[in-house]
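**Q** This is the structure I have questions about; it appears just below.
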Amino acid sequence: MAERQGLIVAAHGRHYLAQAEGRLWQCVTRGKKSDVATGDHVRFGATSADQGVIEEILPRATLLYRSDQFKSKLLAANVTQLFIVVATEPSFSDDLVSRALVAAEAAGIRPHLVLNKIDLQAERDAARERVTLYAELGYPVHEVSATGDPGATLESLRPLLQGQSTILIGQSGMGKSSLVQLLVPDVDIAVREISQRLDSGKHTTTFTRLYSVDEQSSVIDSPGFQEFGLYHLSEGMLERAFPEFAPQLGHCRFYNCHHVAEPGCAILRAVASEQVDAGRHQLYLQLRHESLQKPGYR
């Protein structure tokens with residue numbers, strides 16, 4: 001059985017598409033394992049002219065995923081940046097945005113916010129005010145209108161893709177699909193080919209898929225979702241995933257401070273003096289609470 005190396009460009013259940021030797025291969029894993037992610041580099045054995053069995057996942061630079069108490073959902077591997085797509089309307093979830101930022105920080109992935117539909121003036125000012133907090137934390141915010149002004153949107157976002165592997169996430173209705181269609185040449189052709197190969201028919205939005213922009217750049221489109229569980233992040237990972245906590249870490253009275261209600265906590269002092277946003281600290285407490293519910297947590 002000849003072995004090859006390929007790039008996973010789509011994942012649907014336990015069925016995967018690997019790009020290798022200039023074509024797509026339908027691949028499966030052995031047994032019931034489903035720990036392969038879009039963006040993974042894999043070694044697989046060919047079982048026919050266009051099918052194979054994945055034997056090994058090659059070392060990952062990054063892995064972005066979400067989790068609840070009992071299972072994880074892999075989003076993408078080896079991505080370098082995350083575009084969180086929000087819109088002026090419908091209203092977006094600040095909780096989802098905040099959790100996605102924490103996930104990116106914990107995974108070593110550079111996050112950006114993309115505020116879409118700024119041509120809808122009635123809701124524009126309110127949406128801008130809501131993303132101000134993230135901008136003040138140092139996260140880039142890009143205002144675009146994928147359908148209202150596609151030329152300016154391309155001019156704003158296309159340079160950011162160069163040399164990067166970028167995943168777009170967001171709730172349904174934010175205009176993420178419109179952005180992907182703008183950013184990826186011939187995306188419609190790629191969608192049809194991937195859907196046909198995976199035999200997923202009309203369910204083309206239910207799986208994560210990777211598109212090449214050029215030889216050094218790729219865009220990964222993910223299904224819309226409403227929740228972003230982070231049960232897999234430990235307390236130590238969480239405190240380091242809030243960049244505004246960094247100046248205070250190591251300055252608490254107790255070396256093992258949990259930043260909950262301990263006397264002499266530097267983080268709590270920063271919240272009281274409004275150096276750290278109280279809502280962001282509440283998010284930290286909620287995520288810490290969730291991590292403690294994870295079976296086997298230490």
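To be explicit about the labels: the chains of the structure tokens are called A, B, and onward in the order shown, and within each one the residues are counted from 1, while ligands get numbers from 1 in the order they are shown.
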Where in range 87-245 of chain A does DSSP assign helix (DSSP H, G or I), given as number ranges by chain?
**A** A: 94-107, 121-136, 150-161, 176-183, 187-198, 235-240, 243-245
**Q** So which residues touch Asp68 in chain A within 12 Å, counting only C-alpha atoms, skipping near sequence neighbours fewer than 2 positions away, as a ChimeraX atom specification?
**A** /A:65-66,70-74,227-233,287,290-295
**Q** Only N, CA and C atoms, please: the residues just picked out, written as a PDB file, in the first residue's frame.
**A**
ATOM      1  N   TYR A  65      -9.955  24.438  18.725  1.00  0.00           N
ATOM      2  CA  TYR A  65     -11.136  23.589  18.927  1.00  0.00           C
ATOM      3  C   TYR A  65     -11.970  24.118  20.084  1.00  0.00           C
ATOM      4  N   ARG A  66     -13.190  23.638  20.138  1.00  0.00           N
ATOM      5  CA  ARG A  66     -14.076  23.998  21.240  1.00  0.00           C
ATOM      6  C   ARG A  66     -14.515  22.711  21.926  1.00  0.00           C
ATOM      7  N   PHE A  70     -18.019  16.849  27.801  1.00  0.00           N
ATOM      8  CA  PHE A  70     -17.833  15.453  27.429  1.00  0.00           C
ATOM      9  C   PHE A  70     -17.116  15.235  26.100  1.00  0.00           C
ATOM     10  N   LYS A  71     -17.092  16.222  25.220  1.00  0.00           N
ATOM     11  CA  LYS A  71     -16.469  15.978  23.921  1.00  0.00           C
ATOM     12  C   LYS A  71     -15.887  17.269  23.368  1.00  0.00           C
ATOM     13  N   SER A  72     -15.010  17.093  22.386  1.00  0.00           N
ATOM     14  CA  SER A  72     -14.388  18.224  21.722  1.00  0.00           C
ATOM     15  C   SER A  72     -14.799  18.268  20.264  1.00  0.00           C
ATOM     16  N   LYS A  73     -14.794  19.460  19.698  1.00  0.00           N
ATOM     17  CA  LYS A  73     -15.086  19.656  18.286  1.00  0.00           C
ATOM     18  C   LYS A  73     -13.893  20.371  17.666  1.00  0.00           C
ATOM     19  N   LEU A  74     -13.126  19.629  16.854  1.00  0.00           N
ATOM     20  CA  LEU A  74     -11.963  20.219  16.211  1.00  0.00           C
ATOM     21  C   LEU A  74     -12.423  21.190  15.134  1.00  0.00           C
ATOM     22  N   GLU A 227     -22.394  28.619  20.081  1.00  0.00           N
ATOM     23  CA  GLU A 227     -21.733  28.439  21.370  1.00  0.00           C
ATOM     24  C   GLU A 227     -20.269  28.081  21.157  1.00  0.00           C
ATOM     25  N   PHE A 228     -19.435  28.476  22.126  1.00  0.00           N
ATOM     26  CA  PHE A 228     -18.003  28.188  22.020  1.00  0.00           C
ATOM     27  C   PHE A 228     -17.520  27.739  23.392  1.00  0.00           C
ATOM     28  N   GLY A 229     -17.703  26.457  23.688  1.00  0.00           N
ATOM     29  CA  GLY A 229     -17.267  25.916  24.970  1.00  0.00           C
ATOM     30  C   GLY A 229     -15.756  25.799  25.029  1.00  0.00           C
ATOM     31  N   LEU A 230     -15.197  26.075  26.203  1.00  0.00           N
ATOM     32  CA  LEU A 230     -13.740  26.019  26.391  1.00  0.00           C
ATOM     33  C   LEU A 230     -13.399  25.194  27.628  1.00  0.00           C
ATOM     34  N   TYR A 231     -14.092  24.094  27.793  1.00  0.00           N
ATOM     35  CA  TYR A 231     -13.895  23.259  28.974  1.00  0.00           C
ATOM     36  C   TYR A 231     -12.486  22.670  29.040  1.00  0.00           C
ATOM     37  N   HIS A 232     -11.781  22.638  27.900  1.00  0.00           N
ATOM     38  CA  HIS A 232     -10.461  22.017  27.861  1.00  0.00           C
ATOM     39  C   HIS A 232      -9.351  22.914  28.393  1.00  0.00           C
ATOM     40  N   LEU A 233      -9.643  24.187  28.623  1.00  0.00           N
ATOM     41  CA  LEU A 233      -8.596  25.101  29.071  1.00  0.00           C
ATOM     42  C   LEU A 233      -8.445  25.058  30.591  1.00  0.00           C
ATOM     43  N   LEU A 287     -15.427  30.835  32.737  1.00  0.00           N
ATOM     44  CA  LEU A 287     -14.625  29.811  32.056  1.00  0.00           C
ATOM     45  C   LEU A 287     -13.875  28.938  33.060  1.00  0.00           C
ATOM     46  N   GLU A 290     -16.328  26.479  34.355  1.00  0.00           N
ATOM     47  CA  GLU A 290     -16.575  25.410  33.384  1.00  0.00           C
ATOM     48  C   GLU A 290     -15.429  24.407  33.362  1.00  0.00           C
ATOM     49  N   SER A 291     -14.195  24.900  33.439  1.00  0.00           N
ATOM     50  CA  SER A 291     -13.059  23.981  33.387  1.00  0.00           C
ATOM     51  C   SER A 291     -13.047  23.039  34.591  1.00  0.00           C
ATOM     52  N   LEU A 292     -13.586  23.505  35.697  1.00  0.00           N
ATOM     53  CA  LEU A 292     -13.646  22.664  36.904  1.00  0.00           C
ATOM     54  C   LEU A 292     -14.689  21.561  36.786  1.00  0.00           C
ATOM     55  N   GLN A 293     -15.603  21.692  35.797  1.00  0.00           N
ATOM     56  CA  GLN A 293     -16.638  20.670  35.603  1.00  0.00           C
ATOM     57  C   GLN A 293     -16.155  19.541  34.710  1.00  0.00           C
ATOM     58  N   LYS A 294     -14.999  19.732  34.088  1.00  0.00           N
ATOM     59  CA  LYS A 294     -14.489  18.739  33.140  1.00  0.00           C
ATOM     60  C   LYS A 294     -14.087  17.475  33.889  1.00  0.00           C
ATOM     61  N   PRO A 295     -14.605  16.303  33.494  1.00  0.00           N
ATOM     62  CA  PRO A 295     -14.192  15.072  34.158  1.00  0.00           C
ATOM     63  C   PRO A 295     -12.668  14.898  34.098  1.00  0.00           C
TER      64      PRO A 295
END
**Q** How many Å separate CA of Val9 in chain A from CA of Leu154 in chain A?
**A**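 Computing it gives 23.2 Å between the two atoms.
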**Q** For Arg130 in chain A, which residue out of A:Gln162, A:Gln26, A:Ser91, A:Thr38 is the nearest one, using only C-alpha atoms?
**A**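 The closest residue to Arg130 in chain A is A:Ser91.
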**Q** Counting only C-alpha atoms, what is within 8 Å of range 100-114 of chain A, bar same-chain residues fewer than 5 positions away, as a ChimeraX atom specification?
**A** /A:62-66,79-87,139-144,228,230,233,237-238,240-242
**Q** Okay, now the selection with C-alpha atoms, as a PDB file, in the first residue's frame?
**A**
ATOM      1  CA  THR A  62      -1.625  24.989  16.196  1.00  0.00           C
ATOM      2  CA  LEU A  63      -4.999  23.427  16.902  1.00  0.00           C
ATOM      3  CA  LEU A  64      -8.211  25.407  17.355  1.00  0.00           C
ATOM      4  CA  TYR A  65     -11.136  23.589  18.927  1.00  0.00           C
ATOM      5  CA  ARG A  66     -14.076  23.998  21.240  1.00  0.00           C
ATOM      6  CA  VAL A  79      -3.984  27.984  11.287  1.00  0.00           C
ATOM      7  CA  THR A  80      -2.035  31.173  11.939  1.00  0.00           C
ATOM      8  CA  GLN A  81      -4.891  33.637  12.287  1.00  0.00           C
ATOM      9  CA  LEU A  82      -8.581  33.759  13.118  1.00  0.00           C
ATOM     10  CA  PHE A  83     -11.152  36.098  11.593  1.00  0.00           C
ATOM     11  CA  ILE A  84     -14.153  36.441  13.916  1.00  0.00           C
ATOM     12  CA  VAL A  85     -16.951  37.702  11.684  1.00  0.00           C
ATOM     13  CA  VAL A  86     -19.625  39.874  13.314  1.00  0.00           C
ATOM     14  CA  ALA A  87     -22.171  42.177  11.726  1.00  0.00           C
ATOM     15  CA  TYR A 139      -7.318  43.279  18.696  1.00  0.00           C
ATOM     16  CA  PRO A 140      -7.503  44.556  15.090  1.00  0.00           C
ATOM     17  CA  VAL A 141     -11.039  45.451  13.960  1.00  0.00           C
ATOM     18  CA  HIS A 142     -11.738  45.671  10.229  1.00  0.00           C
ATOM     19  CA  GLU A 143     -14.944  47.347   9.020  1.00  0.00           C
ATOM     20  CA  VAL A 144     -16.223  45.929   5.729  1.00  0.00           C
ATOM     21  CA  PHE A 228     -18.003  28.188  22.020  1.00  0.00           C
ATOM     22  CA  LEU A 230     -13.740  26.019  26.391  1.00  0.00           C
ATOM     23  CA  LEU A 233      -8.596  25.101  29.071  1.00  0.00           C
ATOM     24  CA  MET A 237      -4.111  28.550  30.344  1.00  0.00           C
ATOM     25  CA  LEU A 238      -7.118  30.779  30.971  1.00  0.00           C
ATOM     26  CA  ARG A 240      -2.664  33.724  30.210  1.00  0.00           C
ATOM     27  CA  ALA A 241      -5.354  33.961  27.505  1.00  0.00           C
ATOM     28  CA  PHE A 242      -6.526  37.347  28.803  1.00  0.00           C
TER      29      PHE A 242
END
**Q** When you look at Gly250 in chain A with a cut-off of 12 Å (counting only C-alpha atoms), what residues show up, excluding the ones that are within fewer than 4 positions of it in the same chain? I need them as number ranges by chain.
**A** A: 239-240, 245-246, 254-259, 264-267
**Q** If we count only C-alpha atoms and set the cut-off at 10 Å, which residues sit around Arg4 in chain A, ignoring sequence neighbours fewer than 3 positions away in its own chain? Please answer as a ChimeraX atom specification.
**A** /A:1,20-21,42-46,52,54-55
**Q** Could you please take those selected residues and save N, CA and C atoms as a PDB file, in the first residue's frame?
**A**
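File written: again06.pdb
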ATOM      1  N   MET A   1       0.849  -1.187   0.000  1.00  0.00           N
ATOM      2  CA  MET A   1       0.000   0.000   0.000  1.00  0.00           C
ATOM      3  C   MET A   1       0.892   1.246   0.000  1.00  0.00           C
ATOM      4  N   ALA A  20      -3.394  15.804  -2.324  1.00  0.00           N
ATOM      5  CA  ALA A  20      -2.051  15.260  -2.513  1.00  0.00           C
ATOM      6  C   ALA A  20      -1.829  15.010  -4.003  1.00  0.00           C
ATOM      7  N   GLU A  21      -0.628  15.320  -4.455  1.00  0.00           N
ATOM      8  CA  GLU A  21      -0.257  15.077  -5.851  1.00  0.00           C
ATOM      9  C   GLU A  21      -1.213  15.760  -6.829  1.00  0.00           C
ATOM     10  N   VAL A  42      -1.175  14.963   6.868  1.00  0.00           N
ATOM     11  CA  VAL A  42      -1.288  13.562   7.256  1.00  0.00           C
ATOM     12  C   VAL A  42      -0.462  12.677   6.331  1.00  0.00           C
ATOM     13  N   ARG A  43      -0.176  11.502   6.848  1.00  0.00           N
ATOM     14  CA  ARG A  43       0.396  10.434   6.035  1.00  0.00           C
ATOM     15  C   ARG A  43      -0.702   9.400   5.842  1.00  0.00           C
ATOM     16  N   PHE A  44      -0.971   9.024   4.592  1.00  0.00           N
ATOM     17  CA  PHE A  44      -2.039   8.058   4.344  1.00  0.00           C
ATOM     18  C   PHE A  44      -1.593   7.015   3.328  1.00  0.00           C
ATOM     19  N   GLY A  45      -2.224   5.857   3.453  1.00  0.00           N
ATOM     20  CA  GLY A  45      -1.953   4.782   2.509  1.00  0.00           C
ATOM     21  C   GLY A  45      -3.055   4.716   1.475  1.00  0.00           C
ATOM     22  N   ALA A  46      -2.681   4.703   0.218  1.00  0.00           N
ATOM     23  CA  ALA A  46      -3.660   4.645  -0.869  1.00  0.00           C
ATOM     24  C   ALA A  46      -4.242   3.239  -0.962  1.00  0.00           C
ATOM     25  N   GLY A  52      -8.005   6.415   0.433  1.00  0.00           N
ATOM     26  CA  GLY A  52      -6.907   6.036   1.296  1.00  0.00           C
ATOM     27  C   GLY A  52      -7.316   5.935   2.750  1.00  0.00           C
ATOM     28  N   ILE A  54      -5.930   7.038   6.570  1.00  0.00           N
ATOM     29  CA  ILE A  54      -4.992   7.909   7.277  1.00  0.00           C
ATOM     30  C   ILE A  54      -4.236   7.098   8.321  1.00  0.00           C
ATOM     31  N   GLU A  55      -2.919   7.127   8.229  1.00  0.00           N
ATOM     32  CA  GLU A  55      -2.079   6.368   9.151  1.00  0.00           C
ATOM     33  C   GLU A  55      -1.484   7.234  10.253  1.00  0.00           C
TER      34      GLU A  55
END
**Q** Using only C-alpha atoms, find the one residue out of A:Leu75, A:Leu133, A:Ala61, A:Val36 that sits nearest to Thr208 in chain A.
**A**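 Result for the nearest residue to Thr208 in chain A: A:Leu75.
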**Q** Give me the residues within 10 Å of Gly175 in chain A as a PDB file with C-alpha atoms, in the first residue's frame, counting only C-alpha atoms and dropping any in the same chain fewer than 4 places off.
**A**
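Everything below was put into result19.pdb:
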ATOM      1  CA  VAL A  85     -16.951  37.702  11.684  1.00  0.00           C
ATOM      2  CA  VAL A  86     -19.625  39.874  13.314  1.00  0.00           C
ATOM      3  CA  ALA A  87     -22.171  42.177  11.726  1.00  0.00           C
ATOM      4  CA  GLU A  89     -27.261  43.095  12.043  1.00  0.00           C
ATOM      5  CA  PRO A  90     -28.419  40.599  13.089  1.00  0.00           C
ATOM      6  CA  LEU A 115     -17.304  43.919  11.389  1.00  0.00           C
ATOM      7  CA  ASN A 116     -19.422  43.252   8.303  1.00  0.00           C
ATOM      8  CA  LYS A 117     -22.456  45.066   6.848  1.00  0.00           C
ATOM      9  CA  SER A 145     -19.312  45.422   3.618  1.00  0.00           C
ATOM     10  CA  ALA A 146     -18.991  42.205   1.643  1.00  0.00           C
ATOM     11  CA  THR A 147     -22.083  42.815  -0.486  1.00  0.00           C
ATOM     12  CA  GLY A 170     -19.040  33.382  13.237  1.00  0.00           C
ATOM     13  CA  GLN A 171     -22.692  32.950  13.963  1.00  0.00           C
ATOM     14  CA  LEU A 179     -16.722  37.069   2.623  1.00  0.00           C
ATOM     15  CA  VAL A 180     -15.343  33.673   1.649  1.00  0.00           C
TER      16      VAL A 180
END
**Q** Give me, please, the distance in Å between CA of Glu193 in chain A and CA of Val213 in chain A, quoted to one decimal.
**A**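 CA of Val213 in chain A lies at a distance of 16.2 Å from CA of Glu193 in chain A.
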**Q** Could you go through range 42-89 of chain A and tell me which residues DSSP, when run on the backbone, assigns to strand (DSSP E or B), listing them as a VMD selection string?
**A** chain A and resid 42 to 46 51 to 57 63 to 67 72 to 77 81 to 87
**Q** I need the chosen residues saved as an mmCIF file, in the first residue's frame, with N, CA and C atoms.
**A**
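Final file, selection-v5.cif:
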data_model
loop_
_atom_site.group_PDB
_atom_site.id
_atom_site.type_symbol
_atom_site.label_atom_id
_atom_site.label_comp_id
_atom_site.auth_asym_id
_atom_site.auth_seq_id
_atom_site.Cartn_x
_atom_site.Cartn_y
_atom_site.Cartn_z
ATOM 1 N N VAL A 42 -1.175 14.963 6.868
ATOM 2 C CA VAL A 42 -1.288 13.562 7.256
ATOM 3 C C VAL A 42 -0.462 12.677 6.331
ATOM 4 N N ARG A 43 -0.176 11.502 6.848
ATOM 5 C CA ARG A 43 0.396 10.434 6.035
ATOM 6 C C ARG A 43 -0.702 9.400 5.842
ATOM 7 N N PHE A 44 -0.971 9.024 4.592
ATOM 8 C CA PHE A 44 -2.039 8.058 4.344
ATOM 9 C C PHE A 44 -1.593 7.015 3.328
ATOM 10 N N GLY A 45 -2.224 5.857 3.453
ATOM 11 C CA GLY A 45 -1.953 4.782 2.509
ATOM 12 C C GLY A 45 -3.055 4.716 1.475
ATOM 13 N N ALA A 46 -2.681 4.703 0.218
ATOM 14 C CA ALA A 46 -3.660 4.645 -0.869
ATOM 15 C C ALA A 46 -4.242 3.239 -0.962
ATOM 16 N N GLN A 51 -8.675 6.837 -3.094
ATOM 17 C CA GLN A 51 -9.085 6.595 -1.712
ATOM 18 C C GLN A 51 -7.898 6.165 -0.874
ATOM 19 N N GLY A 52 -8.005 6.415 0.433
ATOM 20 C CA GLY A 52 -6.907 6.036 1.296
ATOM 21 C C GLY A 52 -7.316 5.935 2.750
ATOM 22 N N VAL A 53 -6.382 5.429 3.561
ATOM 23 C CA VAL A 53 -6.565 5.302 5.004
ATOM 24 C C VAL A 53 -5.494 6.141 5.690
ATOM 25 N N ILE A 54 -5.930 7.038 6.570
ATOM 26 C CA ILE A 54 -4.992 7.909 7.277
ATOM 27 C C ILE A 54 -4.236 7.098 8.321
ATOM 28 N N GLU A 55 -2.919 7.127 8.229
ATOM 29 C CA GLU A 55 -2.079 6.368 9.151
ATOM 30 C C GLU A 55 -1.484 7.234 10.253
ATOM 31 N N GLU A 56 -1.266 8.515 9.956
ATOM 32 C CA GLU A 56 -0.578 9.368 10.927
ATOM 33 C C GLU A 56 -0.935 10.828 10.686
ATOM 34 N N ILE A 57 -1.149 11.549 11.779
ATOM 35 C CA ILE A 57 -1.277 13.004 11.728
ATOM 36 C C ILE A 57 0.099 13.578 12.021
ATOM 37 N N LEU A 63 -3.730 24.140 16.994
ATOM 38 C CA LEU A 63 -4.999 23.427 16.902
ATOM 39 C C LEU A 63 -6.068 24.272 17.575
ATOM 40 N N LEU A 64 -7.101 24.623 16.822
ATOM 41 C CA LEU A 64 -8.211 25.407 17.355
ATOM 42 C C LEU A 64 -9.410 24.483 17.509
ATOM 43 N N TYR A 65 -9.955 24.438 18.725
ATOM 44 C CA TYR A 65 -11.136 23.589 18.927
ATOM 45 C C TYR A 65 -11.970 24.118 20.084
ATOM 46 N N ARG A 66 -13.190 23.638 20.138
ATOM 47 C CA ARG A 66 -14.076 23.998 21.240
ATOM 48 C C ARG A 66 -14.515 22.711 21.926
ATOM 49 N N SER A 67 -15.034 22.824 23.142
ATOM 50 C CA SER A 67 -15.358 21.614 23.895
ATOM 51 C C SER A 67 -16.444 21.903 24.914
ATOM 52 N N SER A 72 -15.010 17.093 22.386
ATOM 53 C CA SER A 72 -14.388 18.224 21.722
ATOM 54 C C SER A 72 -14.799 18.268 20.264
ATOM 55 N N LYS A 73 -14.794 19.460 19.698
ATOM 56 C CA LYS A 73 -15.086 19.656 18.286
ATOM 57 C C LYS A 73 -13.893 20.371 17.666
ATOM 58 N N LEU A 74 -13.126 19.629 16.854
ATOM 59 C CA LEU A 74 -11.963 20.219 16.211
ATOM 60 C C LEU A 74 -12.423 21.190 15.134
ATOM 61 N N LEU A 75 -11.860 22.385 15.127
ATOM 62 C CA LEU A 75 -12.204 23.372 14.108
ATOM 63 C C LEU A 75 -11.174 23.379 12.986
ATOM 64 N N ALA A 76 -9.895 23.500 13.320
ATOM 65 C CA ALA A 76 -8.867 23.513 12.281
ATOM 66 C C ALA A 76 -7.492 23.384 12.914
ATOM 67 N N ALA A 77 -6.578 22.828 12.139
ATOM 68 C CA ALA A 77 -5.193 22.685 12.579
ATOM 69 C C ALA A 77 -4.285 23.557 11.720
ATOM 70 N N GLN A 81 -4.060 32.525 11.838
ATOM 71 C CA GLN A 81 -4.891 33.637 12.287
ATOM 72 C C GLN A 81 -6.373 33.283 12.188
ATOM 73 N N LEU A 82 -7.141 33.982 13.003
ATOM 74 C CA LEU A 82 -8.581 33.759 13.118
ATOM 75 C C LEU A 82 -9.315 35.053 12.793
ATOM 76 N N PHE A 83 -10.252 34.976 11.860
ATOM 77 C CA PHE A 83 -11.152 36.098 11.593
ATOM 78 C C PHE A 83 -12.484 35.791 12.263
ATOM 79 N N ILE A 84 -12.856 36.575 13.267
ATOM 80 C CA ILE A 84 -14.153 36.441 13.916
ATOM 81 C C ILE A 84 -15.099 37.407 13.211
ATOM 82 N N VAL A 85 -16.069 36.871 12.494
ATOM 83 C CA VAL A 85 -16.951 37.702 11.684
ATOM 84 C C VAL A 85 -18.199 38.053 12.488
ATOM 85 N N VAL A 86 -18.418 39.362 12.661
ATOM 86 C CA VAL A 86 -19.625 39.874 13.314
ATOM 87 C C VAL A 86 -20.277 40.848 12.336
ATOM 88 N N ALA A 87 -21.465 41.301 12.657
ATOM 89 C CA ALA A 87 -22.171 42.177 11.726
ATOM 90 C C ALA A 87 -22.972 43.225 12.483
#
